[in-house]
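A.B. asks: Structure: final_2.cif, mmCIF, C-alpha atoms.
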```
data_protein
loop_
_atom_site.label_atom_id
_atom_site.label_comp_id
_atom_site.auth_asym_id
_atom_site.auth_seq_id
_atom_site.Cartn_x
_atom_site.Cartn_y
_atom_site.Cartn_z
CA MET A 1 64.57 51.22 125.74
CA ALA A 2 64.38 53.17 128.96
CA ARG A 3 62.98 56.50 127.95
CA GLY A 4 61.97 57.55 131.46
CA THR A 5 65.43 58.61 132.47
CA LYS A 6 65.86 60.91 129.50
CA ASP A 7 66.17 64.61 129.63
CA GLN A 8 63.26 66.77 128.55
CA ASN A 9 65.44 68.05 125.69
CA VAL A 10 65.81 64.58 124.25
CA GLU A 11 62.07 63.94 124.44
CA ASP A 12 61.36 67.23 122.72
CA TYR A 13 63.94 66.54 120.06
CA LEU A 14 62.54 63.11 119.22
CA ARG A 15 58.97 64.37 119.34
CA SER A 16 59.58 67.24 116.97
CA LEU A 17 61.49 64.93 114.62
CA TYR A 18 58.55 62.52 114.68
CA ARG A 19 56.12 65.32 113.98
CA LEU A 20 58.19 66.63 111.07
CA LEU A 21 58.07 63.20 109.47
CA ARG A 22 54.27 62.96 109.52
CA ASN A 23 53.98 62.73 105.72
CA VAL A 24 56.73 60.16 105.41
CA PRO A 25 55.94 56.43 104.97
CA VAL A 26 55.47 54.82 108.39
CA GLU A 27 58.38 52.34 108.22
CA ALA A 28 60.85 55.06 107.26
CA ARG A 29 59.49 57.38 109.94
CA HIS A 30 59.83 54.84 112.76
CA GLY A 31 63.18 53.67 111.43
CA LEU A 32 64.74 57.13 111.50
CA VAL A 33 63.39 58.06 114.94
CA GLU A 34 64.65 54.73 116.33
CA ASP A 35 68.10 55.25 114.80
CA ILE A 36 68.34 58.70 116.36
CA ALA A 37 67.08 57.43 119.74
CA GLU A 38 69.72 54.69 119.67
CA HIS A 39 72.38 57.23 118.73
CA ILE A 40 71.41 59.33 121.77
CA ASP A 41 71.49 56.29 124.10
CA GLU A 42 74.91 55.27 122.83
CA GLY A 43 76.16 58.82 123.21
CA ARG A 44 75.01 58.95 126.83
CA GLU A 45 76.83 55.73 127.55
CA ARG A 46 79.98 57.29 126.18
CA GLY A 47 79.58 60.01 128.77
CA ARG A 48 78.50 62.75 126.42
CA THR A 49 75.94 65.15 127.90
CA GLU A 50 72.50 65.32 126.37
CA SER A 51 72.91 68.87 125.15
CA GLU A 52 76.22 67.91 123.53
CA ILE A 53 74.60 65.01 121.73
CA ILE A 54 71.70 67.10 120.51
CA ALA A 55 73.94 69.92 119.35
CA ALA A 56 76.05 67.43 117.38
CA LEU A 57 72.99 65.86 115.78
CA GLY A 58 71.90 69.10 114.16
CA SER A 59 68.36 70.47 114.10
CA PRO A 60 65.43 68.04 113.68
CA GLU A 61 64.65 69.91 110.46
CA SER A 62 68.05 69.14 108.98
CA VAL A 63 67.78 65.48 110.00
CA ALA A 64 64.32 65.14 108.45
CA ALA A 65 65.18 67.17 105.34
CA PRO A 66 66.32 64.31 103.06
CA TYR A 67 63.09 62.42 103.77
CA LEU A 68 60.89 65.44 103.23
CA ASP A 69 62.64 66.16 99.92
CA GLU A 70 62.09 62.57 98.93
CA VAL A 71 58.39 62.69 99.77
CA LEU A 72 57.97 65.73 97.55
CA ARG A 73 60.01 64.10 94.81
CA GLU A 74 57.88 60.93 95.03
CA GLY A 75 54.70 62.97 94.81
CA ASN A 76 56.06 64.76 91.77
CA ALA A 77 57.54 61.66 90.17
CA PRO A 78 56.48 61.26 86.53
CA ARG A 79 54.50 58.07 87.23
CA MET A 80 52.58 59.63 90.13
CA ARG A 81 51.92 62.80 88.17
CA ARG A 82 50.59 60.76 85.27
CA ILE A 83 48.29 58.70 87.54
CA ARG A 84 46.94 61.82 89.22
CA ARG A 85 46.36 63.51 85.89
CA ILE A 86 44.49 60.49 84.50
CA LEU A 87 42.32 60.34 87.63
CA GLY A 88 41.64 64.07 87.30
CA ILE A 89 40.43 63.57 83.73
CA VAL A 90 38.34 60.55 84.79
CA ALA A 91 36.78 62.69 87.52
CA LEU A 92 35.84 65.37 84.99
CA VAL A 93 34.51 62.98 82.35
CA THR A 94 32.51 60.78 84.74
CA GLY A 95 31.20 63.89 86.50
CA LEU A 96 30.01 65.48 83.27
CA PHE A 97 28.59 62.19 82.02
CA ALA A 98 26.67 61.71 85.26
CA ALA A 99 25.44 65.31 85.11
CA ILE A 100 23.99 64.85 81.64
CA VAL A 101 22.63 61.39 82.35
CA SER A 102 20.94 62.33 85.59
CA ARG A 103 19.37 65.34 83.90
CA SER A 104 17.93 63.18 81.12
CA SER A 105 16.86 60.45 83.47
CA ASP A 106 13.22 60.19 84.47
CA SER A 107 13.57 58.94 87.94
CA THR A 108 15.81 61.45 89.62
CA ILE A 109 13.42 63.83 91.32
CA VAL A 110 11.21 61.00 92.51
CA ASN A 111 13.99 59.59 94.58
CA MET A 112 15.51 62.81 95.79
CA GLY A 113 13.08 62.94 98.63
CA PHE A 114 13.00 66.68 99.04
CA GLY A 115 10.75 69.49 97.87
CA PRO A 116 6.98 69.67 98.36
CA ALA A 117 5.53 66.28 99.23
CA ASP A 118 3.13 66.17 96.29
CA ALA A 119 5.86 67.13 93.85
CA GLN A 120 8.13 64.35 95.00
CA GLY A 121 6.15 61.69 93.22
CA LEU A 122 6.05 63.60 89.94
CA SER A 123 8.23 62.73 87.06
CA ILE A 124 10.70 65.49 86.35
CA ASN A 125 9.43 65.84 82.79
CA TYR A 126 6.26 67.43 84.02
CA GLY A 127 6.16 70.84 85.64
CA TYR A 128 9.85 70.73 86.35
CA SER A 129 11.46 74.15 86.44
CA ASP A 130 14.38 75.10 84.20
CA VAL A 131 16.09 76.79 87.10
CA PHE A 132 16.07 73.56 89.06
CA ALA A 133 17.40 71.66 86.05
CA ALA A 134 20.22 74.13 85.51
CA THR A 135 21.07 74.14 89.20
CA GLN A 136 21.25 70.37 89.28
CA LEU A 137 23.58 70.38 86.28
CA LEU A 138 25.77 73.03 87.89
CA ILE A 139 25.98 71.13 91.15
CA PHE A 140 27.15 68.02 89.32
CA ILE A 141 29.76 69.94 87.36
CA ALA A 142 30.95 71.77 90.49
CA LEU A 143 31.37 68.46 92.32
CA ALA A 144 33.27 66.97 89.38
CA LEU A 145 35.59 69.98 89.36
CA MET A 146 36.02 69.74 93.11
CA VAL A 147 37.17 66.13 92.85
CA ALA A 148 39.42 66.74 89.84
CA THR A 149 41.25 69.74 91.35
CA SER A 150 43.54 67.72 93.61
CA ALA A 151 45.14 66.20 90.52
CA VAL A 152 46.99 69.45 89.86
CA MET A 153 47.71 70.53 93.45
CA LYS A 154 51.04 70.38 95.25
CA PRO A 155 51.51 66.93 96.87
CA VAL A 156 51.18 67.75 100.59
CA LEU A 157 48.18 70.05 100.09
CA ALA A 158 46.61 67.62 97.60
CA ARG A 159 46.63 64.87 100.21
CA LYS A 160 44.50 66.80 102.70
CA TYR A 161 42.27 68.30 100.03
CA SER A 162 41.57 65.01 98.25
CA ILE A 163 40.53 63.29 101.48
CA ALA A 164 38.10 66.15 102.18
CA ALA A 165 36.74 65.94 98.62
CA ALA A 166 36.28 62.16 98.92
CA LEU A 167 34.45 62.55 102.24
CA ILE A 168 32.14 65.18 100.74
CA MET A 169 31.37 62.92 97.77
CA THR A 170 30.62 60.00 100.10
CA PHE A 171 28.31 62.23 102.09
CA VAL A 172 26.58 63.37 98.87
CA VAL A 173 26.05 59.77 97.73
CA LEU A 174 24.63 58.76 101.12
CA VAL A 175 22.34 61.79 101.35
CA CYS A 176 21.04 61.47 97.79
CA GLY A 177 20.31 57.80 98.29
CA THR A 178 19.66 55.15 95.70
CA GLY A 179 18.21 57.43 93.03
CA LEU A 180 20.31 60.45 92.25
CA GLY A 181 23.10 59.19 94.52
CA MET A 182 23.82 56.41 92.07
CA PHE A 183 25.05 58.91 89.50
CA PHE A 184 27.51 60.32 92.01
CA VAL A 185 29.10 56.92 92.69
CA PRO A 186 31.74 57.26 89.90
CA SER A 187 32.78 60.67 91.25
CA MET A 188 32.97 59.22 94.75
CA ILE A 189 35.17 56.31 93.68
CA THR A 190 37.41 58.59 91.61
CA ALA A 191 37.71 60.90 94.62
CA TRP A 192 38.87 58.03 96.84
CA MET A 193 41.30 56.84 94.18
CA LEU A 194 42.75 60.34 94.02
CA ALA A 195 43.00 60.41 97.80
CA GLY A 196 44.92 57.14 97.57
CA ALA A 197 47.19 58.44 94.82
CA ASN A 198 47.88 61.56 96.88
CA ASN A 199 48.76 59.55 99.97
CA LEU A 200 52.51 59.99 100.21
CA LYS A 201 52.70 57.91 103.38
CA LEU A 202 52.08 54.74 101.44
CA SER A 203 55.39 53.08 100.70
CA GLN A 204 55.96 51.14 97.50
CA LEU A 205 55.57 47.94 99.51
CA SER A 206 52.15 48.92 100.89
CA ARG A 207 51.05 49.91 97.39
CA THR A 208 52.07 46.53 96.02
CA LYS A 209 50.20 44.77 98.85
CA ARG A 210 47.14 46.90 98.17
CA SER A 211 47.31 46.08 94.47
CA HIS A 212 47.35 42.37 95.26
CA ARG A 213 44.28 42.75 97.48
CA ILE A 214 42.38 44.65 94.78
CA GLN A 215 43.45 42.05 92.23
CA ILE A 216 41.90 39.24 94.29
CA ILE A 217 38.75 41.19 95.20
CA GLY A 218 38.25 42.27 91.57
CA GLY A 219 38.80 38.76 90.25
CA ILE A 220 36.29 37.29 92.70
CA THR A 221 33.75 40.06 92.00
CA MET A 222 33.89 39.31 88.29
CA LEU A 223 34.03 35.53 88.54
CA LEU A 224 31.39 34.96 91.23
CA PRO A 225 28.43 35.80 88.93
CA VAL A 226 29.84 33.25 86.47
CA LEU A 227 28.95 30.49 88.93
CA LEU A 228 25.40 31.81 89.18
CA ILE A 229 25.06 31.93 85.39
CA ILE A 230 26.44 28.43 84.97
CA SER A 231 23.98 27.06 87.51
CA GLY A 232 21.25 29.12 85.82
CA VAL A 233 22.07 27.62 82.44
CA ILE A 234 22.29 24.08 83.81
CA THR A 235 18.96 24.28 85.60
CA GLY A 236 17.39 26.02 82.64
CA ALA A 237 16.44 29.08 84.68
CA VAL A 238 18.05 31.42 82.13
CA GLU A 239 17.77 31.09 78.38
CA GLY A 240 18.94 32.69 75.17
CA ALA A 241 22.31 33.98 73.97
CA GLY A 242 22.65 36.68 76.66
CA PRO A 243 23.95 34.48 79.48
CA TYR A 244 26.54 32.89 77.19
CA ILE A 245 27.84 36.27 76.05
CA TYR A 246 28.07 37.40 79.65
CA LEU A 247 29.78 34.14 80.59
CA VAL A 248 32.52 34.68 78.01
CA VAL A 249 33.03 38.35 78.88
CA ALA A 250 33.15 37.73 82.64
CA LEU A 251 35.52 34.77 82.25
CA ILE A 252 37.93 36.69 80.02
CA CYS A 253 37.90 39.79 82.24
CA GLY A 254 37.95 37.94 85.56
CA ILE A 255 40.69 35.43 84.77
CA GLY A 256 42.74 37.98 82.84
CA PHE A 257 42.42 40.36 85.79
CA LEU A 258 43.68 37.72 88.23
CA LEU A 259 46.61 37.00 85.89
CA ASN A 260 47.28 40.75 85.49
CA LEU A 261 47.10 40.65 81.71
CA ARG A 262 47.19 44.14 80.21
CA VAL A 263 44.65 43.21 77.53
CA ALA A 264 42.21 41.94 80.16
CA LEU A 265 42.62 45.13 82.21
CA TRP A 266 41.78 47.23 79.17
CA SER A 267 38.83 44.96 78.33
CA THR A 268 37.54 45.18 81.89
CA CYS A 269 37.71 48.96 81.71
CA LEU A 270 35.97 49.14 78.33
CA VAL A 271 33.31 46.57 79.27
CA GLY A 272 32.60 48.81 82.26
CA VAL A 273 32.10 51.85 80.03
CA ALA A 274 29.92 49.81 77.65
CA LEU A 275 27.73 48.49 80.48
CA SER A 276 27.23 51.98 81.94
CA VAL A 277 26.36 53.48 78.56
CA LEU A 278 24.05 50.54 77.84
CA SER A 279 22.21 51.14 81.10
CA ILE A 280 21.56 54.73 80.03
CA ILE A 281 20.45 53.88 76.48
CA ASP A 282 18.01 51.24 77.65
CA GLN A 283 16.66 52.44 80.96
CA GLY A 284 14.77 49.34 81.93
CA MET A 285 14.27 47.72 85.25
CA LEU A 286 17.88 46.69 85.35
CA MET A 287 19.29 50.16 84.85
CA ALA A 288 20.73 50.34 88.35
CA ALA A 289 22.22 46.87 88.07
CA PHE A 290 23.89 47.59 84.72
CA TRP A 291 25.04 51.04 85.83
CA LEU A 292 26.64 49.73 89.02
CA ALA A 293 28.10 46.63 87.33
CA GLY A 294 29.57 48.95 84.69
CA ILE A 295 31.09 51.13 87.41
CA ALA A 296 32.58 48.08 89.14
CA TYR A 297 34.15 46.80 85.91
CA PHE A 298 35.40 50.23 84.89
CA TYR A 299 37.09 51.02 88.20
CA PHE A 300 38.60 47.58 88.70
CA GLY A 301 40.03 47.86 85.19
CA LEU A 302 41.24 51.42 85.77
CA TYR A 303 42.85 50.50 89.09
CA GLY A 304 44.68 47.63 87.45
CA LEU A 305 45.90 49.78 84.57
CA LEU A 306 47.14 52.50 86.92
CA TRP A 307 48.64 50.52 89.79
CA PHE A 308 49.35 46.90 88.90
CA GLU A 309 53.01 46.30 88.17
CA LYS A 310 53.57 45.50 84.54
CA ARG A 311 54.43 41.82 84.27
CA ALA A 312 57.25 42.39 81.81
CA LEU A 313 59.03 44.59 84.34
CA VAL A 314 58.65 42.15 87.21
CA GLN A 315 60.06 39.15 85.40
CA MET B 1 85.05 84.29 105.41
CA LEU B 2 84.39 81.29 107.66
CA GLU B 3 80.77 81.22 106.63
CA GLN B 4 81.71 81.06 102.96
CA ARG B 5 84.21 78.35 103.66
CA GLU B 6 81.51 76.35 105.43
CA LYS B 7 79.17 76.80 102.48
CA ILE B 8 81.72 75.50 100.00
CA ALA B 9 82.56 72.57 102.26
CA THR B 10 78.88 71.67 102.73
CA ASN B 11 78.32 71.55 98.98
CA ILE B 12 81.31 69.31 98.33
CA ARG B 13 80.63 67.01 101.29
CA LYS B 14 77.13 66.37 100.03
CA GLY B 15 78.44 64.48 97.02
CA VAL B 16 81.17 62.49 98.74
CA LEU B 17 79.71 61.63 102.17
CA GLU B 18 78.09 58.48 100.86
CA TYR B 19 81.47 57.18 99.63
CA CYS B 20 83.21 58.22 102.84
CA VAL B 21 80.71 56.00 104.67
CA LEU B 22 81.50 53.15 102.27
CA GLY B 23 85.22 53.77 102.68
CA SER B 24 84.94 53.68 106.46
CA LEU B 25 82.83 50.51 106.40
CA ALA B 26 85.24 48.86 103.97
CA ASN B 27 87.76 48.65 106.83
CA ASP B 28 85.38 47.19 109.39
CA ASP B 29 81.73 47.09 110.41
CA LYS B 30 80.55 49.95 112.59
CA TYR B 31 77.46 51.04 114.46
CA GLY B 32 75.81 54.40 113.93
CA LEU B 33 77.54 56.45 116.62
CA GLU B 34 80.99 55.09 115.73
CA LEU B 35 80.48 56.04 112.12
CA ALA B 36 79.10 59.45 113.08
CA GLU B 37 82.04 60.19 115.37
CA GLU B 38 84.59 59.21 112.78
CA LEU B 39 83.02 61.39 110.09
CA THR B 40 82.55 64.33 112.45
CA LYS B 41 86.16 64.06 113.64
CA ARG B 42 87.27 64.32 110.02
CA HIS B 43 84.88 67.25 109.42
CA LEU B 44 83.12 65.31 106.70
CA THR B 45 79.62 65.87 108.07
CA ALA B 46 78.17 68.94 109.70
CA GLY B 47 75.36 67.23 111.62
CA GLU B 48 75.60 63.69 112.94
CA GLY B 49 71.84 63.26 112.57
CA SER B 50 71.85 63.63 108.80
CA LEU B 51 73.93 60.46 108.60
CA TYR B 52 70.95 58.23 109.42
CA PRO B 53 68.68 59.16 106.49
CA LEU B 54 71.74 58.61 104.29
CA LEU B 55 72.40 55.17 105.81
CA ALA B 56 68.74 54.21 105.33
CA ARG B 57 68.91 55.23 101.68
CA MET B 58 72.18 53.34 101.18
CA LYS B 59 70.58 50.26 102.70
CA THR B 60 67.64 50.51 100.29
CA ALA B 61 70.11 50.92 97.44
CA GLY B 62 71.89 47.75 98.55
CA LEU B 63 75.19 49.47 99.32
CA VAL B 64 75.20 48.53 103.01
CA GLU B 65 73.41 45.98 105.16
CA THR B 66 72.57 45.96 108.86
CA ARG B 67 72.57 43.37 111.63
CA TRP B 68 71.82 43.49 115.34
CA GLU B 69 74.45 42.63 117.89
CA GLU B 70 74.75 42.80 121.67
CA GLY B 71 76.09 46.19 122.64
CA GLY B 72 76.87 47.81 125.96
CA ALA B 73 74.34 47.68 128.85
CA GLY B 74 72.56 44.66 127.33
CA ARG B 75 71.15 46.77 124.53
CA LYS B 76 71.02 45.72 120.88
CA ARG B 77 73.28 47.63 118.58
CA LYS B 78 72.67 48.09 114.87
CA TYR B 79 75.85 47.37 112.94
CA TYR B 80 76.36 48.49 109.38
CA SER B 81 78.51 46.59 106.90
CA ILE B 82 79.41 47.13 103.26
CA THR B 83 77.91 44.84 100.61
CA GLU B 84 79.55 43.49 97.47
CA HIS B 85 77.68 46.11 95.47
CA GLY B 86 78.94 48.73 97.90
CA ARG B 87 82.54 47.66 97.28
CA VAL B 88 82.05 47.88 93.53
CA MET B 89 80.65 51.39 93.86
CA LEU B 90 83.49 52.41 96.17
CA LYS B 91 86.02 51.20 93.61
CA GLU B 92 84.27 53.22 90.90
CA PHE B 93 84.27 56.26 93.15
CA ARG B 94 88.01 55.95 93.79
CA THR B 95 88.67 56.13 90.04
CA VAL B 96 86.37 59.11 89.56
CA TRP B 97 87.69 60.90 92.64
CA ALA B 98 91.33 60.48 91.61
CA GLU B 99 90.52 61.87 88.18
CA ILE B 100 88.62 64.87 89.58
CA THR B 101 91.16 65.81 92.23
CA THR B 102 93.99 65.55 89.69
CA GLN B 103 92.20 67.78 87.24
CA VAL B 104 91.07 70.29 89.86
CA ASP B 105 94.53 70.52 91.44
CA GLU B 106 96.09 71.01 88.06
CA LEU B 107 93.59 73.68 87.04
CA LEU B 108 93.77 75.65 90.30
CA GLY B 109 97.53 75.22 90.56
CA GLY B 110 97.95 76.51 87.00
CA GLN B 111 95.92 79.67 87.49
CA HIS B 112 97.18 80.90 90.81
CA GLY B 113 100.49 79.17 91.30
CA GLN B 114 100.20 76.16 93.61
CA GLY B 115 96.63 77.06 94.40
CA TYR B 116 97.32 80.10 96.55
#
```
Show me this structure written as structure tokens.

C.D. replies:
Amino acid sequence: MARGTKDQNVEDYLRSLYRLLRNVPVEARHGLVEDIAEHIDEGRERGRTESEIIAALGSPESVAAPYLDEVLREGNAPRMRRIRRILGIVALVTGLFAAIVSRSSDSTIVNMGFGPADAQGLSINYGYSDVFAATQLLIFIALALMVATSAVMKPVLARKYSIAAALIMTFVVLVCGTGLGMFFVPSMITAWMLAGANNLKLSQLSRTKRSHRIQIIGGITMLLPVLLIISGVITGAVEGAGPYIYLVVALICGIGFLLNLRVALWSTCLVGVALSVLSIIDQGMLMAAFWLAGIAYFYFGLYGLLWFEKRALVQ
Amino acid sequence: MLEQREKIATNIRKGVLEYCVLGSLANDDKYGLELAEELTKRHLTAGEGSLYPLLARMKTAGLVETRWEEGGAGRKRKYYSITEHGRVMLKEFRTVWAEITTQVDELLGGQHGQGY
């Protein structure tokens, strides 16, 4: 299309229409602007002047209005509202859980890497001030609240806010490192899931594609360790009932996840919670491994429950 | 007076524009500008631009489909045509519309004598 010959008015018109549609799914946005551009070209060929054409089109606002209404309606649709509410609750619960756990955990201050150098190596149970403990708890709770808030905001505002909250959480995790940062990981993932849920630009098609990707990644993540365990059992490197229990759990969750079975999604979610709680009850060497594996299971399961299309509806 | 008239017309058009598009496409396939000009000429739409979001929605709903054809000046033209589903909906609308206009005419005619 030869845009170069067009009047400044036409350029302005199309540009402001494009800008108005910034929160609209990309395909719809391009589609509408293209339709209007074609309409203008056809009109010029008919010998209509550019100002005539633009006057007949109506204001860019009135042209964009149906799409903007739809975006707001989508964001407020019962399903989206429910998903955002659930994520808000998950943000609060995981935030509070992490706050309590990190407070009761021995290793936090050691790994925080700030404060006087000789205090850094001390366990928090010795000479550890109440003020610091309370502050740490408050910070956790404040961060959990920060993440959860976007669940009850208006759609367009929620989108910007939730991205900011997710970026802050990512920053917190990176700054706190492998010790304390680990407890912020659930809040960080929830924050990104909320940012995704608040993203009105994602069309239904993109969401379905994304779900398929997560389904494959989740399935592989859960099934890959199975191979290691099987080879471990065959070579005799691992012994006892533990590996077999894990084998069964991972197979059920992983295969069920790939097949999008509701029961498997729930199991994956619950196994995740169980693993995380287990890691807290028995804080051994493998605490980090269990904690992170639990988080992976929990969030894969949660994602599936929230976003995967129900099989009964598809068929 | 004119402003109020416009307001009433806008409200009513909103509900029927979709079926006017179907009705127009039922006769023959048209491209965007053709459709816009016809509807504007009949005072069925206030702004030509608002037709395109409507057409996109109708396409998603399976009421119309589009195809590209050679237009003037070697450019591709997007033609809209009515689908089977669109024809069914248009038929339904005709029934509903006939019923409504009959009832409304009768009611208004009864109260103020021939509606004036």

A.B. asks: Excluding same-chain residues fewer than 2 positions from Ile168 of chain A, what lies within 12 Å of it counting only C-alpha atoms, as a compact mmCIF listing (two decimals) with C-alpha atoms, keeping the file's coordinate frame?

C.D. replies:
```
# COMPACT_ATOMS: atom_id res chain seq x y z
CA LEU A 143 31.37 68.46 92.32
CA ALA A 144 33.27 66.97 89.38
CA MET A 146 36.02 69.74 93.11
CA VAL A 147 37.17 66.13 92.85
CA TYR A 161 42.27 68.30 100.03
CA SER A 162 41.57 65.01 98.25
CA ILE A 163 40.53 63.29 101.48
CA ALA A 164 38.10 66.15 102.18
CA ALA A 165 36.74 65.94 98.62
CA ALA A 166 36.28 62.16 98.92
CA THR A 170 30.62 60.00 100.10
CA PHE A 171 28.31 62.23 102.09
CA VAL A 172 26.58 63.37 98.87
CA VAL A 173 26.05 59.77 97.73
CA LEU A 174 24.63 58.76 101.12
CA VAL A 175 22.34 61.79 101.35
CA PHE A 184 27.51 60.32 92.01
CA VAL A 185 29.10 56.92 92.69
CA SER A 187 32.78 60.67 91.25
CA MET A 188 32.97 59.22 94.75
CA ILE A 189 35.17 56.31 93.68
CA ALA A 191 37.71 60.90 94.62
CA TRP A 192 38.87 58.03 96.84
```

A.B. asks: In Å, rounded to a single decimal, give me how far atom CA of Leu247 of chain A is from atom CA of Glu309 of chain A.

C.D. replies: 27.3 Å

A.B. asks: Pick from B:Ala9, B:Leu22, B:Leu39, B:Val16: nearest to chain A, with only C-alpha atoms counted?

C.D. replies: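 Selected residue with least distance to chain A: B:Leu39.
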
A.B. asks: Dump as number ranges by chain the residues of chain A that approach chain B to within 6 Å, counting all atoms listed in the file.

C.D. replies: A: 39, 56-58, 63

A.B. asks: Assuming the chain letters and numbering stay as they are in my file, what does the PyMOL selection byres ((chain B and resi 81-88) around 12) actually select? List them as an NGL selection string.

C.D. replies: :B and (18-32 or 35 or 55 or 58-68 or 78-80 or 89-95)

A.B. asks: If the PyMOL selection byres ((chain A and resi 202) around 12) is run on the structure shown, which residues does it catch, given as a list in words?

C.D. replies: Arg22, Asn23, Val24, Pro25, Val26, Glu27, Ala28, Arg29, Val71, Glu74, Gly75, Arg159, Ala195, Gly196, Ala197, Asn198, Asn199, Leu200, Lys201, Ser203, Gln204, Leu205, Ser206, Arg207, Thr208, Lys209 and Arg210 of chain A

A.B. asks: In Å, rounded to a single decimal, give me how far atom CA of Ile53 of chain A is from atom CA of Val10 of chain A.

C.D. replies: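 Computing the Euclidean distance for atom CA of Val10 of chain A and atom CA of Ile53 of chain A yields 9.2 Å.
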
A.B. asks: One decimal, Å: what's the distance from atom CA of Ile36 of chain A over to atom CA of Lys160 of chain A, could you say?

C.D. replies: 28.6 Å

A.B. asks: Calculated over all atoms listed in the file, which of the candidates B:Ile12, B:Leu2, B:Leu107, B:Ala98 has the smallest distance to Thr45 of chain B?

C.D. replies: B:Ile12

A.B. asks: Evaluate the PyMOL selection byres ((chain A and resi 305) around 10) on the structure here and hand back the selected residues as a list in words.

C.D. replies: Ile83, Asn260, Leu261, Arg262, Val263, Ala264, Leu265, Trp266, Thr268, Cys269, Tyr299, Phe300, Gly301, Leu302, Tyr303, Gly304, Leu306, Trp307, Phe308, Glu309 and Lys310 of chain A

A.B. asks: Please work out which residues fall within 6 Å of (31.4, 37.4, 82.8), coordinates as given in the file, with all atoms listed in the file counting, and return them as a PyMOL selection string.

C.D. replies: chain A and resi 226+246-251

A.B. asks: Mind filling out segment 56-69 of chain B with N, CA and C atoms and sending it as a compact mmCIF listing (two decimals), in the coordinates of the input?

C.D. replies:
```txt
# COMPACT_ATOMS: atom_id res chain seq x y z
N ALA B 56 69.98 54.91 105.71
CA ALA B 56 68.74 54.21 105.33
C ALA B 56 68.63 54.12 103.81
N ARG B 57 68.98 55.22 103.14
CA ARG B 57 68.91 55.23 101.68
C ARG B 57 69.93 54.26 101.08
N MET B 58 71.14 54.23 101.69
CA MET B 58 72.18 53.34 101.18
C MET B 58 71.79 51.88 101.38
N LYS B 59 71.03 51.63 102.46
CA LYS B 59 70.58 50.26 102.70
C LYS B 59 69.56 49.86 101.63
N THR B 60 68.63 50.79 101.34
CA THR B 60 67.64 50.51 100.29
C THR B 60 68.32 50.28 98.95
N ALA B 61 69.41 51.03 98.71
CA ALA B 61 70.11 50.92 97.44
C ALA B 61 71.01 49.69 97.39
N GLY B 62 71.09 48.97 98.52
CA GLY B 62 71.89 47.75 98.55
C GLY B 62 73.38 47.99 98.68
N LEU B 63 73.77 49.17 99.16
CA LEU B 63 75.19 49.47 99.32
C LEU B 63 75.71 48.99 100.68
N VAL B 64 74.82 49.02 101.68
CA VAL B 64 75.20 48.53 103.01
C VAL B 64 74.10 47.59 103.51
N GLU B 65 74.44 46.77 104.50
CA GLU B 65 73.41 45.98 105.16
C GLU B 65 73.57 46.14 106.68
N THR B 66 72.52 45.76 107.41
CA THR B 66 72.57 45.96 108.86
C THR B 66 72.35 44.63 109.56
N ARG B 67 72.87 44.53 110.78
CA ARG B 67 72.57 43.37 111.63
C ARG B 67 72.59 43.85 113.08
N TRP B 68 71.87 43.12 113.93
CA TRP B 68 71.82 43.49 115.34
C TRP B 68 72.81 42.66 116.14
N GLU B 69 73.52 43.34 117.03
CA GLU B 69 74.45 42.63 117.89
C GLU B 69 74.33 43.16 119.31
```
